[in-house]
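Everything on this sheet refers to the single structure shown next.
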Amino acid sequence: MVPATESQPGVAMRIVQQALYLEVADRLRAMIDAHTLTPGAWIDESAMAESLGISRTPLREALKVLAAEGLVRLEPRRGCFVNKLSEQDLDEIFPLMALLEGRCAYEAARNATRADLDALDGLHADLARYAQAGDIDAYYETNAQIHEAIQRLAGNRWLSGLISDLRKVLRLSRHKSLKLPGRIHESCAEHLSVFAALKARDPEGAEAMMKTHLLRQRAALQALDNAAGTAQPTRAPPALRVASGDD
């Protein structure tokens with residue numbers, strides 16, 4: 001029988017190996033977010049493993065994690081490709097995100113403390129400044145921080161898990177909607193309306209404005225594709241309007 005003390009190194013090695021492939025998954029997500037790995041791109045496993053200084057085993061385990069998240073797809077005899085969201089994908093995901101994030105805003109309006117609102121006030125001030133400067137990168141990152149803060153304030157781990165999973169997939173279209181002329185200012189105004197509802201402790205108003213914000217993001221993506229002449233036929237988007245706290 002192997003003494004218990006001698007079995008410990010083997011256990012430690014397994015933990016290190018698991019941490020490695022999770023770290024590799026984080027690196028790959030960052031590359032997808034930065035579009036270093038672009039939608040539709042084939043991932044050369046040999047070259048990628050050499051670039052990261054690892055063997056192909058943790059790389060393949062990391063790719064399985066990303067495939068489960070919907071960021072990549074594994075095709076038999078062809079390899080691994082970064083996913084590219086179709087028009088149908090976007091039509092299906094955005095209304096769902098609108099419902100989920102709308103509920104987050106609803107619960108956040110009931111839960112937020114004065115300190116929470118003060119922290120959000122600083123983020124919204126930054127957001128408005130970046131919108132005025134047309135700084136899409138900085139705006140996008142602050143926008144993400146605001147969505148994540150509202151998600152935390154909702155305090156619903158089940159809701160948070162669903163949103164986080166879908167948000168990873170939507171990062172495949174990172175920045176794109178903000179390239180529509182005028183969209184960055186519209187997006188900022190929508191966020192300020194959500195924030196006003198949060199400060200007024202108006203759950204229904206916060207929910208309605210957050211839903212509108214997400215659906216208008218989808219409409220902006222569709223308008224960009226239509227302008228480029230690349231849009232595929234899709235279901236008609238829902239009518240959009242600015243919701244008030246009385247809705």
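Chain identifiers are assigned as A, B, and so on, following the order in which chains appear in the structure tokens; residues are numbered from 1 within each chain, and ligands are numbered from 1 in order of appearance.
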Problem set entry | Spatial neighbours of Val169 in chain A, 9 Å, only C-alpha atoms, chain gap at least 6 places, as a list in words |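 That gives Glu69, Gly70, Leu71, Asn83 and Leu85 of chain A.
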Residues within 10 Å of range 214-220 of chain A, only C-alpha atoms, excluding chain neighbours under 5 positions, as an mmCIF file with N, CA and C atoms, in the first residue's frame:
data_model
loop_
_atom_site.group_PDB
_atom_site.id
_atom_site.type_symbol
_atom_site.label_atom_id
_atom_site.label_comp_id
_atom_site.auth_asym_id
_atom_site.auth_seq_id
_atom_site.Cartn_x
_atom_site.Cartn_y
_atom_site.Cartn_z
ATOM 1 N N GLU A 87 -27.191 36.062 -37.876
ATOM 2 C CA GLU A 87 -28.320 36.950 -37.607
ATOM 3 C C GLU A 87 -29.372 36.247 -36.755
ATOM 4 N N LEU A 90 -28.301 36.218 -33.123
ATOM 5 C CA LEU A 90 -28.501 37.513 -32.477
ATOM 6 C C LEU A 90 -29.977 37.778 -32.208
ATOM 7 N N ASP A 91 -30.830 37.381 -33.156
ATOM 8 C CA ASP A 91 -32.268 37.553 -32.965
ATOM 9 C C ASP A 91 -32.787 36.738 -31.780
ATOM 10 N N ILE A 93 -30.712 35.653 -29.103
ATOM 11 C CA ILE A 93 -30.014 35.961 -27.858
ATOM 12 C C ILE A 93 -30.443 37.294 -27.260
ATOM 13 N N PHE A 94 -30.566 38.335 -28.093
ATOM 14 C CA PHE A 94 -30.817 39.666 -27.532
ATOM 15 C C PHE A 94 -32.152 39.798 -26.800
ATOM 16 N N PRO A 95 -33.270 39.268 -27.328
ATOM 17 C CA PRO A 95 -34.506 39.350 -26.532
ATOM 18 C C PRO A 95 -34.395 38.613 -25.204
ATOM 19 N N LEU A 96 -33.653 37.512 -25.194
ATOM 20 C CA LEU A 96 -33.452 36.781 -23.951
ATOM 21 C C LEU A 96 -32.608 37.595 -22.981
ATOM 22 N N MET A 97 -31.538 38.209 -23.481
ATOM 23 C CA MET A 97 -30.715 39.070 -22.630
ATOM 24 C C MET A 97 -31.520 40.259 -22.103
ATOM 25 N N ALA A 98 -32.414 40.791 -22.937
ATOM 26 C CA ALA A 98 -33.244 41.917 -22.502
ATOM 27 C C ALA A 98 -34.118 41.513 -21.316
ATOM 28 N N LEU A 99 -34.691 40.325 -21.383
ATOM 29 C CA LEU A 99 -35.514 39.839 -20.276
ATOM 30 C C LEU A 99 -34.681 39.645 -19.009
ATOM 31 N N GLU A 101 -31.513 40.796 -18.211
ATOM 32 C CA GLU A 101 -30.907 42.009 -17.658
ATOM 33 C C GLU A 101 -31.961 42.999 -17.177
ATOM 34 N N GLY A 102 -33.131 42.953 -17.806
ATOM 35 C CA GLY A 102 -34.229 43.767 -17.308
ATOM 36 C C GLY A 102 -34.603 43.367 -15.889
ATOM 37 N N LYS A 176 -19.096 46.282 -31.898
ATOM 38 C CA LYS A 176 -19.632 46.524 -33.231
ATOM 39 C C LYS A 176 -20.810 47.495 -33.230
ATOM 40 N N SER A 177 -21.743 47.331 -32.301
ATOM 41 C CA SER A 177 -22.930 48.183 -32.327
ATOM 42 C C SER A 177 -22.586 49.656 -32.109
ATOM 43 N N LEU A 178 -21.497 49.934 -31.393
ATOM 44 C CA LEU A 178 -21.121 51.314 -31.102
ATOM 45 C C LEU A 178 -20.541 52.032 -32.324
ATOM 46 N N LYS A 179 -20.294 51.287 -33.396
ATOM 47 C CA LYS A 179 -19.773 51.900 -34.609
ATOM 48 C C LYS A 179 -20.874 52.544 -35.449
ATOM 49 N N LEU A 180 -22.136 52.268 -35.117
ATOM 50 C CA LEU A 180 -23.239 52.916 -35.830
ATOM 51 C C LEU A 180 -23.239 54.400 -35.466
ATOM 52 N N PRO A 181 -23.246 55.306 -36.456
ATOM 53 C CA PRO A 181 -23.213 56.741 -36.157
ATOM 54 C C PRO A 181 -24.295 57.147 -35.153
ATOM 55 N N GLY A 182 -23.878 57.807 -34.101
ATOM 56 C CA GLY A 182 -24.796 58.284 -33.081
ATOM 57 C C GLY A 182 -25.149 57.272 -32.008
ATOM 58 N N ARG A 183 -24.773 56.008 -32.217
ATOM 59 C CA ARG A 183 -25.195 54.971 -31.274
ATOM 60 C C ARG A 183 -24.562 55.143 -29.892
ATOM 61 N N GLU A 186 -26.664 57.518 -27.974
ATOM 62 C CA GLU A 186 -27.953 56.917 -27.634
ATOM 63 C C GLU A 186 -27.793 55.908 -26.499
ATOM 64 N N SER A 187 -26.735 55.088 -26.602
ATOM 65 C CA SER A 187 -26.474 54.091 -25.575
ATOM 66 C C SER A 187 -26.258 54.758 -24.221
ATOM 67 N N GLU A 190 -29.506 55.944 -22.762
ATOM 68 C CA GLU A 190 -30.282 54.807 -22.242
ATOM 69 C C GLU A 190 -29.768 54.392 -20.870
ATOM 70 N N MET A 209 -36.416 50.219 -19.084
ATOM 71 C CA MET A 209 -35.342 50.909 -19.807
ATOM 72 C C MET A 209 -34.191 49.969 -20.145
ATOM 73 N N ASP A 225 -25.398 45.975 -40.385
ATOM 74 C CA ASP A 225 -25.349 44.922 -41.396
ATOM 75 C C ASP A 225 -26.153 45.315 -42.630
ATOM 76 N N ASN A 226 -27.289 45.962 -42.429
ATOM 77 C CA ASN A 226 -28.095 46.411 -43.570
ATOM 78 C C ASN A 226 -27.332 47.447 -44.390
ATOM 79 N N PRO A 237 -37.571 42.793 -36.186
ATOM 80 C CA PRO A 237 -37.300 43.086 -34.777
ATOM 81 C C PRO A 237 -38.524 43.704 -34.130
ATOM 82 N N PRO A 238 -38.657 43.582 -32.813
ATOM 83 C CA PRO A 238 -39.792 44.191 -32.129
ATOM 84 C C PRO A 238 -39.729 45.700 -32.201
ATOM 85 N N ALA A 239 -40.893 46.327 -32.158
ATOM 86 C CA ALA A 239 -40.934 47.782 -32.161
ATOM 87 C C ALA A 239 -40.236 48.292 -30.916
ATOM 88 N N LEU A 240 -39.449 49.332 -31.094
ATOM 89 C CA LEU A 240 -38.671 49.871 -29.984
ATOM 90 C C LEU A 240 -39.124 51.279 -29.676
ATOM 91 N N ARG A 241 -39.138 51.620 -28.411
ATOM 92 C CA ARG A 241 -39.436 52.973 -27.976
ATOM 93 C C ARG A 241 -38.746 53.196 -26.649
ATOM 94 N N VAL A 242 -38.610 54.434 -26.274
ATOM 95 C CA VAL A 242 -38.037 54.734 -24.970
ATOM 96 C C VAL A 242 -39.130 54.543 -23.941
#
Run DSSP on the backbone and give me the residues of range 87-240 of chain A it puts in helix (DSSP H, G or I), as a short mmCIF file (atom, residue, chain, number, x, y, z; two decimals) with N, CA and C atoms, in the first residue's frame.
data_model
loop_
_atom_site.label_atom_id
_atom_site.label_comp_id
_atom_site.auth_asym_id
_atom_site.auth_seq_id
_atom_site.Cartn_x
_atom_site.Cartn_y
_atom_site.Cartn_z
N GLU A 87 -27.19 36.06 -37.88
CA GLU A 87 -28.32 36.95 -37.61
C GLU A 87 -29.37 36.25 -36.76
N GLN A 88 -29.60 34.98 -37.02
CA GLN A 88 -30.58 34.23 -36.23
C GLN A 88 -30.12 34.10 -34.78
N ASP A 89 -28.81 33.85 -34.58
CA ASP A 89 -28.26 33.80 -33.22
C ASP A 89 -28.57 35.09 -32.47
N LEU A 90 -28.30 36.22 -33.12
CA LEU A 90 -28.50 37.51 -32.48
C LEU A 90 -29.98 37.78 -32.21
N ASP A 91 -30.83 37.38 -33.16
CA ASP A 91 -32.27 37.55 -32.97
C ASP A 91 -32.79 36.74 -31.78
N GLU A 92 -32.13 35.61 -31.51
CA GLU A 92 -32.57 34.76 -30.42
C GLU A 92 -31.96 35.17 -29.08
N ILE A 93 -30.71 35.65 -29.10
CA ILE A 93 -30.01 35.96 -27.86
C ILE A 93 -30.44 37.29 -27.26
N PHE A 94 -30.57 38.33 -28.09
CA PHE A 94 -30.82 39.67 -27.53
C PHE A 94 -32.15 39.80 -26.80
N PRO A 95 -33.27 39.27 -27.33
CA PRO A 95 -34.51 39.35 -26.53
C PRO A 95 -34.39 38.61 -25.20
N LEU A 96 -33.65 37.51 -25.19
CA LEU A 96 -33.45 36.78 -23.95
C LEU A 96 -32.61 37.59 -22.98
N MET A 97 -31.54 38.21 -23.48
CA MET A 97 -30.71 39.07 -22.63
C MET A 97 -31.52 40.26 -22.10
N ALA A 98 -32.41 40.79 -22.94
CA ALA A 98 -33.24 41.92 -22.50
C ALA A 98 -34.12 41.51 -21.32
N LEU A 99 -34.69 40.32 -21.38
CA LEU A 99 -35.51 39.84 -20.28
C LEU A 99 -34.68 39.65 -19.01
N LEU A 100 -33.53 39.01 -19.15
CA LEU A 100 -32.70 38.69 -18.00
C LEU A 100 -32.09 39.94 -17.37
N GLU A 101 -31.51 40.80 -18.21
CA GLU A 101 -30.91 42.01 -17.66
C GLU A 101 -31.96 43.00 -17.18
N GLY A 102 -33.13 42.95 -17.81
CA GLY A 102 -34.23 43.77 -17.31
C GLY A 102 -34.60 43.37 -15.89
N ARG A 103 -34.65 42.06 -15.64
CA ARG A 103 -34.96 41.58 -14.30
C ARG A 103 -33.86 41.98 -13.30
N CYS A 104 -32.61 41.95 -13.77
CA CYS A 104 -31.50 42.40 -12.91
C CYS A 104 -31.71 43.85 -12.49
N ALA A 105 -32.07 44.70 -13.43
CA ALA A 105 -32.29 46.11 -13.12
C ALA A 105 -33.46 46.26 -12.14
N TYR A 106 -34.49 45.46 -12.31
CA TYR A 106 -35.64 45.48 -11.41
C TYR A 106 -35.21 45.19 -9.98
N GLU A 107 -34.45 44.10 -9.81
CA GLU A 107 -34.03 43.70 -8.47
C GLU A 107 -32.99 44.67 -7.90
N ALA A 108 -32.14 45.21 -8.78
CA ALA A 108 -31.14 46.17 -8.31
C ALA A 108 -31.80 47.44 -7.78
N ALA A 109 -32.89 47.87 -8.41
CA ALA A 109 -33.60 49.07 -7.95
C ALA A 109 -34.16 48.88 -6.54
N ARG A 110 -34.46 47.68 -6.20
CA ARG A 110 -34.99 47.39 -4.85
C ARG A 110 -33.88 47.20 -3.83
N ASN A 111 -32.69 46.78 -4.29
CA ASN A 111 -31.63 46.40 -3.36
C ASN A 111 -30.55 47.45 -3.14
N ARG A 114 -27.36 53.57 -0.79
CA ARG A 114 -26.82 54.87 -1.19
C ARG A 114 -25.37 54.74 -1.64
N ALA A 115 -24.59 53.90 -0.95
CA ALA A 115 -23.19 53.70 -1.34
C ALA A 115 -23.11 53.05 -2.72
N ASP A 116 -24.00 52.10 -3.00
CA ASP A 116 -24.03 51.46 -4.32
C ASP A 116 -24.33 52.49 -5.41
N LEU A 117 -25.29 53.35 -5.15
CA LEU A 117 -25.66 54.36 -6.13
C LEU A 117 -24.55 55.38 -6.34
N ASP A 118 -23.84 55.70 -5.27
CA ASP A 118 -22.70 56.63 -5.40
C ASP A 118 -21.61 56.04 -6.30
N ALA A 119 -21.36 54.72 -6.13
CA ALA A 119 -20.36 54.05 -6.98
C ALA A 119 -20.81 54.04 -8.43
N LEU A 120 -22.10 53.80 -8.66
CA LEU A 120 -22.63 53.81 -10.03
C LEU A 120 -22.59 55.21 -10.62
N ASP A 121 -22.75 56.23 -9.78
CA ASP A 121 -22.71 57.60 -10.26
C ASP A 121 -21.36 57.91 -10.89
N GLY A 122 -20.29 57.45 -10.25
CA GLY A 122 -18.95 57.66 -10.81
C GLY A 122 -18.77 56.96 -12.14
N LEU A 123 -19.28 55.74 -12.25
CA LEU A 123 -19.17 54.99 -13.50
C LEU A 123 -19.96 55.68 -14.62
N HIS A 124 -21.14 56.20 -14.29
CA HIS A 124 -21.94 56.87 -15.33
C HIS A 124 -21.31 58.19 -15.76
N ALA A 125 -20.63 58.85 -14.83
CA ALA A 125 -19.90 60.07 -15.21
C ALA A 125 -18.79 59.73 -16.19
N ASP A 126 -18.08 58.64 -15.93
CA ASP A 126 -17.03 58.19 -16.85
C ASP A 126 -17.64 57.83 -18.21
N LEU A 127 -18.78 57.13 -18.17
CA LEU A 127 -19.43 56.70 -19.40
C LEU A 127 -19.78 57.91 -20.27
N ALA A 128 -20.37 58.93 -19.65
CA ALA A 128 -20.75 60.13 -20.40
C ALA A 128 -19.52 60.82 -20.98
N ARG A 129 -18.42 60.84 -20.24
CA ARG A 129 -17.20 61.47 -20.73
C ARG A 129 -16.63 60.72 -21.94
N TYR A 130 -16.64 59.41 -21.87
CA TYR A 130 -16.12 58.62 -22.99
C TYR A 130 -17.03 58.72 -24.22
N ALA A 131 -18.34 58.80 -23.98
CA ALA A 131 -19.27 58.98 -25.10
C ALA A 131 -19.02 60.31 -25.79
N GLN A 132 -18.82 61.36 -25.01
CA GLN A 132 -18.56 62.68 -25.57
C GLN A 132 -17.27 62.69 -26.38
N ALA A 133 -16.26 61.95 -25.90
CA ALA A 133 -14.97 61.90 -26.59
C ALA A 133 -14.98 60.92 -27.76
N ILE A 136 -14.51 54.61 -28.04
CA ILE A 136 -15.31 53.38 -28.03
C ILE A 136 -14.74 52.34 -27.09
N ASP A 137 -13.41 52.18 -27.09
CA ASP A 137 -12.80 51.16 -26.22
C ASP A 137 -13.09 51.44 -24.75
N ALA A 138 -12.83 52.67 -24.32
CA ALA A 138 -13.06 53.03 -22.91
C ALA A 138 -14.54 52.98 -22.58
N TYR A 139 -15.39 53.41 -23.52
CA TYR A 139 -16.83 53.36 -23.30
C TYR A 139 -17.28 51.91 -23.11
N TYR A 140 -16.80 51.05 -23.97
CA TYR A 140 -17.21 49.64 -23.90
C TYR A 140 -16.85 49.04 -22.55
N GLU A 141 -15.65 49.28 -22.07
CA GLU A 141 -15.22 48.70 -20.81
C GLU A 141 -16.03 49.25 -19.63
N THR A 142 -16.32 50.54 -19.64
CA THR A 142 -17.12 51.13 -18.57
C THR A 142 -18.56 50.63 -18.65
N ASN A 143 -19.07 50.52 -19.85
CA ASN A 143 -20.41 49.97 -20.07
C ASN A 143 -20.50 48.56 -19.46
N ALA A 144 -19.48 47.75 -19.70
CA ALA A 144 -19.46 46.39 -19.15
C ALA A 144 -19.43 46.42 -17.63
N GLN A 145 -18.65 47.35 -17.04
CA GLN A 145 -18.59 47.47 -15.58
C GLN A 145 -19.95 47.83 -15.00
N ILE A 146 -20.69 48.68 -15.68
CA ILE A 146 -22.02 49.07 -15.20
C ILE A 146 -22.98 47.89 -15.24
N HIS A 147 -22.98 47.16 -16.35
CA HIS A 147 -23.86 45.98 -16.45
C HIS A 147 -23.52 44.97 -15.36
N GLU A 148 -22.23 44.75 -15.13
CA GLU A 148 -21.81 43.79 -14.11
C GLU A 148 -22.17 44.26 -12.71
N ALA A 149 -22.08 45.58 -12.47
CA ALA A 149 -22.44 46.13 -11.16
C ALA A 149 -23.92 45.95 -10.89
N ILE A 150 -24.75 46.22 -11.89
CA ILE A 150 -26.20 46.04 -11.73
C ILE A 150 -26.53 44.57 -11.50
N GLN A 151 -25.80 43.72 -12.20
CA GLN A 151 -25.97 42.27 -12.03
C GLN A 151 -25.67 41.86 -10.59
N ARG A 152 -24.59 42.40 -10.02
CA ARG A 152 -24.24 42.08 -8.63
C ARG A 152 -25.28 42.61 -7.66
N LEU A 153 -25.78 43.82 -7.92
CA LEU A 153 -26.76 44.43 -7.03
C LEU A 153 -28.07 43.65 -7.01
N ALA A 154 -28.37 42.96 -8.11
CA ALA A 154 -29.59 42.16 -8.14
C ALA A 154 -29.53 41.04 -7.10
N ARG A 157 -28.07 34.74 -7.83
CA ARG A 157 -26.98 33.97 -8.45
C ARG A 157 -27.43 33.16 -9.66
N TRP A 158 -28.68 32.75 -9.69
CA TRP A 158 -29.18 31.98 -10.83
C TRP A 158 -29.31 32.89 -12.05
N LEU A 159 -29.85 34.04 -11.83
CA LEU A 159 -29.97 35.03 -12.90
C LEU A 159 -28.59 35.46 -13.38
N SER A 160 -27.69 35.67 -12.45
CA SER A 160 -26.34 36.11 -12.78
C SER A 160 -25.61 35.07 -13.62
N GLY A 161 -25.79 33.79 -13.29
CA GLY A 161 -25.12 32.73 -14.05
C GLY A 161 -25.59 32.68 -15.49
N LEU A 162 -26.90 32.82 -15.71
CA LEU A 162 -27.44 32.80 -17.07
C LEU A 162 -26.92 33.97 -17.88
N ILE A 163 -26.91 35.15 -17.28
CA ILE A 163 -26.45 36.34 -17.99
C ILE A 163 -24.97 36.24 -18.33
N SER A 164 -24.17 35.77 -17.37
CA SER A 164 -22.73 35.67 -17.61
C SER A 164 -22.42 34.73 -18.76
N ASP A 165 -23.14 33.62 -18.85
CA ASP A 165 -22.92 32.67 -19.94
C ASP A 165 -23.25 33.30 -21.29
N LEU A 166 -24.38 34.00 -21.36
CA LEU A 166 -24.77 34.62 -22.63
C LEU A 166 -23.87 35.79 -22.98
N ARG A 167 -23.41 36.52 -21.96
CA ARG A 167 -22.55 37.67 -22.21
C ARG A 167 -21.22 37.24 -22.85
N LYS A 168 -20.71 36.07 -22.45
CA LYS A 168 -19.47 35.57 -23.06
C LYS A 168 -19.65 35.39 -24.56
N VAL A 169 -20.81 34.87 -24.95
CA VAL A 169 -21.07 34.65 -26.38
C VAL A 169 -21.23 35.97 -27.11
N LEU A 170 -21.93 36.92 -26.50
CA LEU A 170 -22.17 38.20 -27.16
C LEU A 170 -20.89 39.01 -27.34
N ARG A 171 -19.84 38.69 -26.58
CA ARG A 171 -18.58 39.40 -26.76
C ARG A 171 -17.94 39.10 -28.11
N LEU A 172 -18.48 38.11 -28.83
CA LEU A 172 -18.02 37.86 -30.19
C LEU A 172 -18.36 39.04 -31.11
N SER A 173 -19.38 39.82 -30.73
CA SER A 173 -19.73 41.00 -31.52
C SER A 173 -19.27 42.28 -30.82
N LYS A 176 -19.10 46.28 -31.90
CA LYS A 176 -19.63 46.52 -33.23
C LYS A 176 -20.81 47.49 -33.23
N SER A 177 -21.74 47.33 -32.30
CA SER A 177 -22.93 48.18 -32.33
C SER A 177 -22.59 49.66 -32.11
N LEU A 178 -21.50 49.93 -31.39
CA LEU A 178 -21.12 51.31 -31.10
C LEU A 178 -20.54 52.03 -32.32
N LYS A 179 -20.29 51.29 -33.40
CA LYS A 179 -19.77 51.90 -34.61
C LYS A 179 -20.87 52.54 -35.45
N ARG A 183 -24.77 56.01 -32.22
CA ARG A 183 -25.19 54.97 -31.27
C ARG A 183 -24.56 55.14 -29.89
N ILE A 184 -23.31 55.58 -29.83
CA ILE A 184 -22.65 55.70 -28.54
C ILE A 184 -23.38 56.71 -27.65
N HIS A 185 -23.91 57.78 -28.26
CA HIS A 185 -24.64 58.78 -27.49
C HIS A 185 -26.02 58.26 -27.08
N GLU A 186 -26.66 57.52 -27.97
CA GLU A 186 -27.95 56.92 -27.63
C GLU A 186 -27.79 55.91 -26.50
N SER A 187 -26.73 55.09 -26.60
CA SER A 187 -26.47 54.09 -25.57
C SER A 187 -26.26 54.76 -24.22
N CYS A 188 -25.51 55.86 -24.21
CA CYS A 188 -25.24 56.57 -22.96
C CYS A 188 -26.54 57.11 -22.38
N ALA A 189 -27.40 57.68 -23.22
CA ALA A 189 -28.67 58.22 -22.74
C ALA A 189 -29.54 57.12 -22.15
N GLU A 190 -29.51 55.94 -22.76
CA GLU A 190 -30.28 54.81 -22.24
C GLU A 190 -29.77 54.39 -20.87
N HIS A 191 -28.45 54.35 -20.72
CA HIS A 191 -27.87 53.99 -19.43
C HIS A 191 -28.23 55.02 -18.35
N LEU A 192 -28.20 56.28 -18.72
CA LEU A 192 -28.56 57.32 -17.75
C LEU A 192 -30.03 57.20 -17.34
N SER A 193 -30.89 56.76 -18.26
CA SER A 193 -32.30 56.56 -17.92
C SER A 193 -32.48 55.39 -16.96
N VAL A 194 -31.71 54.32 -17.20
CA VAL A 194 -31.74 53.19 -16.26
C VAL A 194 -31.29 53.66 -14.89
N PHE A 195 -30.20 54.41 -14.86
CA PHE A 195 -29.65 54.89 -13.59
C PHE A 195 -30.63 55.80 -12.87
N ALA A 196 -31.33 56.64 -13.61
CA ALA A 196 -32.33 57.53 -13.00
C ALA A 196 -33.42 56.70 -12.32
N ALA A 197 -33.82 55.61 -12.97
CA ALA A 197 -34.84 54.74 -12.38
C ALA A 197 -34.31 54.04 -11.13
N LEU A 198 -33.04 53.66 -11.15
CA LEU A 198 -32.45 53.04 -9.96
C LEU A 198 -32.45 54.03 -8.79
N LYS A 199 -32.05 55.27 -9.06
CA LYS A 199 -32.01 56.27 -7.99
C LYS A 199 -33.40 56.60 -7.47
N PRO A 203 -38.40 50.02 -9.73
CA PRO A 203 -38.03 48.75 -10.35
C PRO A 203 -38.61 48.56 -11.74
N GLU A 204 -39.89 48.91 -11.92
CA GLU A 204 -40.52 48.71 -13.23
C GLU A 204 -39.88 49.60 -14.30
N GLY A 205 -39.57 50.85 -13.92
CA GLY A 205 -38.92 51.75 -14.88
C GLY A 205 -37.53 51.28 -15.25
N ALA A 206 -36.76 50.82 -14.25
CA ALA A 206 -35.41 50.32 -14.51
C ALA A 206 -35.46 49.10 -15.43
N GLU A 207 -36.40 48.22 -15.17
CA GLU A 207 -36.54 47.02 -16.00
C GLU A 207 -36.90 47.39 -17.44
N ALA A 208 -37.86 48.29 -17.60
CA ALA A 208 -38.30 48.66 -18.95
C ALA A 208 -37.18 49.32 -19.74
N MET A 209 -36.42 50.22 -19.08
CA MET A 209 -35.34 50.91 -19.81
C MET A 209 -34.19 49.97 -20.15
N MET A 210 -33.91 49.02 -19.25
CA MET A 210 -32.83 48.07 -19.55
C MET A 210 -33.22 47.18 -20.72
N LYS A 211 -34.47 46.76 -20.77
CA LYS A 211 -34.94 45.96 -21.92
C LYS A 211 -34.79 46.76 -23.21
N THR A 212 -35.21 48.02 -23.17
CA THR A 212 -35.09 48.87 -24.35
C THR A 212 -33.63 49.02 -24.78
N HIS A 213 -32.76 49.20 -23.81
CA HIS A 213 -31.32 49.34 -24.10
C HIS A 213 -30.78 48.13 -24.85
N LEU A 214 -31.11 46.93 -24.39
CA LEU A 214 -30.60 45.72 -25.04
C LEU A 214 -31.20 45.54 -26.43
N LEU A 215 -32.49 45.80 -26.59
CA LEU A 215 -33.12 45.64 -27.89
C LEU A 215 -32.63 46.67 -28.90
N ARG A 216 -32.30 47.85 -28.42
CA ARG A 216 -31.74 48.86 -29.33
C ARG A 216 -30.32 48.51 -29.73
N GLN A 217 -29.62 47.81 -28.87
CA GLN A 217 -28.29 47.34 -29.25
C GLN A 217 -28.40 46.36 -30.42
N ARG A 218 -29.39 45.48 -30.33
CA ARG A 218 -29.61 44.53 -31.44
C ARG A 218 -30.00 45.27 -32.71
N ALA A 219 -30.87 46.28 -32.58
CA ALA A 219 -31.29 47.05 -33.75
C ALA A 219 -30.10 47.76 -34.39
N ALA A 220 -29.16 48.22 -33.57
CA ALA A 220 -27.97 48.90 -34.10
C ALA A 220 -27.11 47.93 -34.91
N LEU A 221 -26.95 46.71 -34.40
CA LEU A 221 -26.20 45.70 -35.15
C LEU A 221 -26.86 45.40 -36.49
N GLN A 222 -28.18 45.31 -36.47
CA GLN A 222 -28.89 45.02 -37.70
C GLN A 222 -28.78 46.17 -38.69
N ALA A 223 -28.83 47.40 -38.18
CA ALA A 223 -28.69 48.56 -39.06
C ALA A 223 -27.31 48.59 -39.72
N LEU A 224 -26.28 48.24 -38.97
CA LEU A 224 -24.93 48.18 -39.53
C LEU A 224 -24.83 47.15 -40.63
N ASP A 225 -25.40 45.97 -40.38
CA ASP A 225 -25.35 44.92 -41.40
C ASP A 225 -26.15 45.32 -42.63
N ASN A 226 -27.29 45.96 -42.43
CA ASN A 226 -28.09 46.41 -43.57
C ASN A 226 -27.33 47.45 -44.39
N ALA A 227 -26.65 48.35 -43.69
CA ALA A 227 -25.89 49.38 -44.39
C ALA A 227 -24.74 48.78 -45.19
N ALA A 228 -24.18 47.69 -44.67
CA ALA A 228 -23.07 47.04 -45.36
C ALA A 228 -23.56 46.08 -46.45
#
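Going from CA of Leu22 in chain A to CA of Glu75 in chain A covers 21.5 Å.
Residues in contact range of range 56-64 of chain A, defined as at most 8 Å between only C-alpha atoms, with sequence neighbours fewer than 2 positions away removed, read Gln17, Leu20, Tyr21, Leu22, Val24, Ala25, Glu45, Ser46, Ala49, Ile54, Leu66, Ala67, Ala68, Val72 and Cys80 of chain A.
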Store the residues of this selection in a file with C-alpha atoms, as a compact mmCIF listing (two decimals), in the first residue's frame.
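Heads up, here's the output in again-v5.txt:
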# COMPACT_ATOMS: atom_id res chain seq x y z
CA GLN A 17 -2.78 20.67 -14.42
CA LEU A 20 -3.21 25.37 -16.34
CA TYR A 21 -6.01 24.62 -18.78
CA LEU A 22 -8.29 27.12 -17.04
CA VAL A 24 -5.21 28.86 -21.03
CA ALA A 25 -9.00 29.25 -21.44
CA GLU A 45 -3.39 24.06 -32.33
CA SER A 46 0.28 23.38 -32.94
CA ALA A 49 0.50 25.66 -28.18
CA ILE A 54 2.42 24.67 -23.44
CA LEU A 66 -14.68 27.50 -24.72
CA ALA A 67 -16.76 25.19 -26.92
CA ALA A 68 -19.14 24.61 -23.99
CA VAL A 72 -15.55 28.15 -30.41
CA CYS A 80 -11.39 24.27 -33.98
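Of the residues under consideration (A:Gly134, A:Arg78, A:Val65, A:Asn156), A:Val65 shows the shortest atom-to-atom contact distance to Arg29 in chain A when counting only C-alpha atoms.
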